[in-house]
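Inspection log for the structure reproduced underneath, given as structure tokens.
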Amino acid sequence: MAVTWCVVLLGVLLSIEAKPSCKFEDDSSRHLECSPGDSDYILDKGLVSDKARIVTIILRSCKITSLNTDCFEGLPRLERLDISHNKLTTLPLGVLDKVPKLTYFNASYNIITNLPVGLFKNVQNLIQLDLTGNHLYEINPGLFKKVSLLYLSKNYLQGRDLHPNVFEISDVNFLLLNENDMTGAPENMLRTLHELLYLNLDDCSLTEVPKFITTPNLDTITHLTISNNKIREINEPIFDNLKDLEVLNLTMNLIDSLNDNLFTSLKKLKKIDLSKNRLKTITEHQFQNTPFLTDINLSHNLISILPVNAFRASALNKLDISNNRLTYLQDNFCLELKNSGAVLRDFYFSENPWQCACLHDLLREVKTLNLKYDDVNYDGGHPVCVSAGQFVCNRQVYVNEVYLDMYHLIQERL
Ligand SMILES: *[C@@H]1O[C@H](CO)[C@@H](O)[C@H](O)[C@H]1NC(C)=O
Ligand SMILES: *[C@@H]1O[C@H](CO)[C@@H](O)[C@H](O)[C@H]1NC(C)=O
Ligand SMILES: *[C@@H]1O[C@H](CO)[C@@H](O)[C@H](O)[C@H]1NC(C)=O
């Protein structure tokens, strides 16, 4: 009997400590931070509500399983609310109705599956909304009203199930959709966005560049990331409407073919990352007439043909062609680049099956022109090139395979 009583008492004590404990981080009682209690907790009115001066509430990792509708009442000045890393499956309608000043709301890393339309209708000043790392599998059209930075990364969204009107939020600047499945997303899904600057589609299971980036309103985008997908080719000039694009990231795809004029309309393009793809040849026109293009990464491809003309009238400053299948570059490659308008400073070309005579020419050139290059391997201690008897650079496509085989043979023996 006594033992039973003890257990019951202990249970009562524990349930008292189940509440997160909150304390002010400053003397002015404006910033409240809570730490978890011993067990799961339903946030109700009282713990953080009814504190007229509060500007910030942090309820991170507090084992909260659900929110009562009135838990954030009486907080007229609240601007920042962080309830990340809890166990919420949804947020009840009305819970944000009494926090009109809210600008930052972080509900990342919960297990939210969907959210009711109208949840954000009274938070007219919301700027940042972070829903990263939840289980959102659908978004009801009209859910998001006004928000500038919208983080939806790492959810369970399926492009094919999205309604064409999900993103009717004309003022969004940052839209992060990475680590969702965006295949089959509606082609006009982004048509109402008129201030988008940054779009992240990293790891979205895409097998082609999605059509939804082609609507004319997207001419405001400056940064587009489509890395880490399964795109094999880009044969249409699909980026033509992105007139303001400055950074294009296509790394880690399976791209083996690019439209000749893919970048021609992108007059503001500064940086392009095509590393870790399957490109074999760069065509004569590929990067021509892109007057601000300074930074091109072609590393980790299968390139054996790289004409200097490809960069004519670009502003090339940094070029990475390391880890490819180049055995030679055309004579005076760097000088030609310079003559065609480029201002090359950084040049990375290691891990190619260079013919020794060609590498020798190239090294002489980069030293004469005082370029920064990846010189770590050229210390005499590493095999960096192959030679077949006579020390001349054989600049003919058909000999490539010979040197490539020799290079691989050496690599295997190491
Ligand atoms: C939201 O919270 C997570 C986890 O606490 C944090 O990593 C992330 O940076 C926050 N998001 C923003 C936009 O501040
Ligand atoms: C492109 O994206 C990858 C992966 O998201 C990142 O590691 C890389 O730094 C990006 N490249 C550029 C030039 O921003
Ligand atoms: C080019 O991309 C590769 C792989 O994505 C990366 O390791 C390298 O640092 C990049 N090069 C430059 C010059 O940024």
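Identifiers in this document derive from the order of the structure tokens: chains are assigned A, B, ..., residues are numbered from 1 separately in each chain, and ligands are numbered from 1 in order of occurrence.
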
**Message:** Using only C-alpha atoms, which protein or nucleic acid residues come within 6 Å of Leu149 of chain A? Drop anything in the same chain fewer than 4 positions from it, and give the result as a ChimeraX atom specification.
**Reply:** /A:128,173-174

**Prompt:** If you count only C-alpha atoms and all ligand atoms, which residues end up within 8 Å of ligand 1, as a list in words?
**Reply:**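 Checking only C-alpha atoms and all ligand atoms against ligand 1 at 8 Å gives Arg60, Asp82, Ile83, Ser84, His85, Tyr104, Asn106, Ala107, Ser108, Tyr109, Gln128, Leu129, Asp130, Thr132, Leu149 and Tyr151 of chain A.
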
Mind listing the residues within 7 Å of ligand 3, only C-alpha atoms and all ligand atoms counted, as a short mmCIF file (atom, residue, chain, number, x, y, z; two decimals) with N, CA and C atoms, in the first residue's frame?
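In the end it all went to pocket-v4.cif:
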```
data_model
loop_
_atom_site.label_atom_id
_atom_site.label_comp_id
_atom_site.auth_asym_id
_atom_site.auth_seq_id
_atom_site.Cartn_x
_atom_site.Cartn_y
_atom_site.Cartn_z
N THR A 251 24.45 22.10 -60.23
CA THR A 251 25.39 21.05 -59.84
C THR A 251 24.67 19.76 -59.44
N ASP A 273 27.03 27.20 -61.89
CA ASP A 273 27.64 25.98 -61.35
C ASP A 273 27.07 24.77 -62.09
N SER A 275 28.99 21.90 -62.11
CA SER A 275 29.86 20.81 -61.67
C SER A 275 29.06 19.54 -61.38
N LYS A 276 29.77 18.42 -61.40
CA LYS A 276 29.15 17.11 -61.11
C LYS A 276 27.97 16.79 -62.01
N ASN A 297 31.76 26.97 -63.11
CA ASN A 297 32.29 25.73 -62.55
C ASN A 297 31.86 24.55 -63.41
N LEU A 298 32.84 23.94 -64.06
CA LEU A 298 32.58 22.79 -64.93
C LEU A 298 33.27 21.54 -64.39
N SER A 299 33.68 21.59 -63.14
CA SER A 299 34.45 20.47 -62.59
C SER A 299 33.61 19.20 -62.46
N HIS A 300 34.27 18.07 -62.38
CA HIS A 300 33.60 16.78 -62.23
C HIS A 300 32.57 16.52 -63.33
N LYS A 318 36.83 33.39 -62.96
CA LYS A 318 37.15 32.17 -62.24
C LYS A 318 36.60 30.98 -63.03
N LEU A 319 37.49 30.05 -63.40
CA LEU A 319 37.06 28.90 -64.19
C LEU A 319 37.58 27.63 -63.54
N ASP A 320 36.66 26.71 -63.28
CA ASP A 320 37.06 25.42 -62.72
C ASP A 320 36.74 24.32 -63.72
N TYR A 348 41.33 26.54 -62.26
CA TYR A 348 41.53 25.24 -61.62
C TYR A 348 41.43 24.15 -62.69
#
```

**Distance of atom CA of Val166 of chain A from atom CA of Leu59 of chain A, expressed in Å to one decimal place** =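 Those two atoms sit 28.7 Å apart.
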
**Item:** Val172 of chain A environment, 8 Å, only C-alpha atoms, sequence neighbours closer than 2 positions dropped, as a ChimeraX atom specification
**Value:** /A:146-150,169-170,174-175,193-196

**Request:** Could you give me, as a PyMOL selection string, each residue of segment 47-237 of chain A that DSSP assigns to strand (DSSP E) when run on this structure's backbone?
**Result:** chain A and resi 56-58+64-67+80-82+104-106+128-130+149-151+174-176+198-200+223-225+233-234

**Asked** Taking only C-alpha atoms and all ligand atoms into account, which residues are within 8 Å of ligand 2, as a ChimeraX atom specification?
**Response** /A:202,225-228,247-252,271-273,297

**Asked** Neighbours of Asn253 of chain A within 10 Å (only C-alpha atoms; same-chain residues fewer than 5 positions away dropped), as a PyMOL selection string?
**Response** chain A and resi 203+206-208+226-233+274-278

Restrict the selected residues to N, CA and C atoms and save them as a compact mmCIF listing (two decimals), in the first residue's frame.
```txt
# COMPACT_ATOMS: atom_id res chain seq x y z
N ASP A 203 17.44 19.05 -54.62
CA ASP A 203 16.95 17.73 -54.19
C ASP A 203 15.41 17.62 -54.22
N LEU A 206 13.66 16.11 -59.46
CA LEU A 206 13.30 16.57 -60.81
C LEU A 206 14.09 15.83 -61.88
N THR A 207 13.40 15.45 -62.95
CA THR A 207 14.10 14.84 -64.09
C THR A 207 14.23 15.83 -65.23
N GLU A 208 13.56 16.97 -65.10
CA GLU A 208 13.76 18.05 -66.07
C GLU A 208 13.58 19.39 -65.36
N ILE A 226 18.86 24.51 -58.74
CA ILE A 226 18.15 23.27 -59.13
C ILE A 226 19.14 22.11 -58.97
N SER A 227 20.03 22.23 -58.00
CA SER A 227 21.07 21.24 -57.80
C SER A 227 20.52 19.92 -57.29
N ASN A 228 21.34 18.86 -57.44
CA ASN A 228 21.01 17.61 -56.77
C ASN A 228 19.67 17.01 -57.22
N ASN A 229 19.46 17.03 -58.51
CA ASN A 229 18.26 16.40 -59.08
C ASN A 229 18.71 15.37 -60.11
N LYS A 230 17.80 14.97 -60.97
CA LYS A 230 18.16 13.95 -61.96
C LYS A 230 17.93 14.44 -63.38
N ILE A 231 18.25 15.70 -63.59
CA ILE A 231 18.04 16.28 -64.92
C ILE A 231 19.12 15.77 -65.88
N ARG A 232 18.70 15.26 -67.03
CA ARG A 232 19.64 14.68 -67.98
C ARG A 232 20.05 15.63 -69.09
N GLU A 233 19.14 16.48 -69.49
CA GLU A 233 19.45 17.38 -70.59
C GLU A 233 18.60 18.63 -70.47
N LEU A 274 27.91 24.18 -62.93
CA LEU A 274 27.51 22.98 -63.69
C LEU A 274 28.34 21.78 -63.26
N SER A 275 28.99 21.90 -62.11
CA SER A 275 29.86 20.81 -61.67
C SER A 275 29.06 19.54 -61.38
N LYS A 276 29.77 18.42 -61.40
CA LYS A 276 29.15 17.11 -61.11
C LYS A 276 27.97 16.79 -62.01
N ASN A 277 28.22 16.87 -63.29
CA ASN A 277 27.24 16.43 -64.28
C ASN A 277 27.95 15.48 -65.24
N ARG A 278 27.38 15.30 -66.43
CA ARG A 278 27.98 14.35 -67.39
C ARG A 278 28.30 14.99 -68.72
```

**Message:** Need the shell around Met182 of chain A: protein/DNA/RNA residues with any atom at most 9 Å away, counting only C-alpha atoms. Skip same-chain ones fewer than 4 positions apart. Format as a ChimeraX atom specification?
**Reply:** /A:157-160,177-178,201,204-206,210

Can you tell me which residues surround Leu258 of chain A at a distance of at most 7 Å, considering only C-alpha atoms, apart from same-chain residues fewer than 4 positions away, and format the answer as a PDB file with C-alpha atoms, in the first residue's frame?
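Written out: out_3.pdb:
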```
ATOM      1  CA  GLU A 233      19.448  17.383 -70.586  1.00  0.00           C
ATOM      2  CA  ILE A 234      18.314  20.935 -71.101  1.00  0.00           C
ATOM      3  CA  ASN A 235      17.591  21.201 -74.775  1.00  0.00           C
ATOM      4  CA  LEU A 262      20.688  28.331 -72.977  1.00  0.00           C
TER       5      LEU A 262
END
```

**Message:** Please list as JSON, numbers by chain every residue within 12 Å of Asn394 of chain A, counting only C-alpha atoms and excluding residues in the same chain fewer than 4 positions away.
**Reply:** {"A": [326, 327, 328, 329, 330, 331, 354, 355, 356, 357, 358, 359, 361, 386, 387, 388, 389, 390, 398, 399, 400, 402, 403]}

Would you tabulate, counting only C-alpha atoms, all residues of segment 22-76 of chain A that have an atom at most 8 Å from an atom of segment 86-92 of chain A, showing the closest pair of atoms and their distance in Å to one decimal, sorted by chain then ascending number, as a tab-separated table?
```
residue	atom	partner	partner_atom	distance
A:Arg60	CA	A:Asn86	CA	6.8
A:Ser61	CA	A:Asn86	CA	5.2
A:Cys62	CA	A:Asn86	CA	6.1
A:Lys63	CA	A:Asn86	CA	5.2
A:Ile64	CA	A:Asn86	CA	5.3
A:Thr65	CA	A:Lys87	CA	4.7
A:Ser66	CA	A:Leu88	CA	5.3
A:Leu67	CA	A:Leu91	CA	6.7
A:Asn68	CA	A:Pro92	CA	7.3
A:Thr69	CA	A:Pro92	CA	6.0
```

**Complete:** Nearest to Leu369 of chain A, restricted to only C-alpha atoms and choosing among A:Val99, A:Val392, A:Val343, A:Ile42, comes out as A:Val343

**Asked** Which residue, A:Ser265, A:Thr56, A:Ser304, A:Gln286, has the smallest gap to Glu25 of chain A when you use only C-alpha atoms?
**Response**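 Closest residue, counting only C-alpha atoms: A:Thr56.
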
**Prompt:** Looking only at the backbone, which of the residues in segment 74-247 of chain A does DSSP tag as helix (DSSP H, G or I), as a list in words?
**Reply:**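 Selection result, helix (DSSP H, G or I) within segment 74-247 of chain A: Gly159, Arg160, Asp161, Lys211, Phe212, Ile213, Pro216, Asn217, Leu218, Asp219 and Thr220 of chain A.
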
Save out the residues we just selected, C-alpha atoms, as a PDB file, in the first residue's frame.
```pdb
ATOM      1  CA  GLY A 159       4.338  18.585 -56.869  1.00  0.00           C
ATOM      2  CA  ARG A 160       1.700  16.559 -58.663  1.00  0.00           C
ATOM      3  CA  ASP A 161      -0.781  17.098 -55.812  1.00  0.00           C
ATOM      4  CA  LYS A 211       8.005  24.426 -66.479  1.00  0.00           C
ATOM      5  CA  PHE A 212       6.780  26.527 -63.561  1.00  0.00           C
ATOM      6  CA  ILE A 213       9.958  28.602 -63.692  1.00  0.00           C
ATOM      7  CA  PRO A 216       7.096  35.817 -67.513  1.00  0.00           C
ATOM      8  CA  ASN A 217       6.545  37.251 -64.005  1.00  0.00           C
ATOM      9  CA  LEU A 218       9.672  35.428 -62.801  1.00  0.00           C
ATOM     10  CA  ASP A 219      11.985  37.938 -64.469  1.00  0.00           C
ATOM     11  CA  THR A 220      12.809  39.189 -60.953  1.00  0.00           C
TER      12      THR A 220
END
```

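Nearest to Asn324 of chain A of all the residues A:His408, A:Lys280, A:Lys51, A:His31 is A:Lys280, based on only C-alpha atoms.
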
**Message:** For a test of reading the model, state the distance in Å between atom CA of Gly184 of chain A and atom CA of Val209 of chain A, rounded to one decimal.
**Reply:**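 A separation of 10.9 Å between them.
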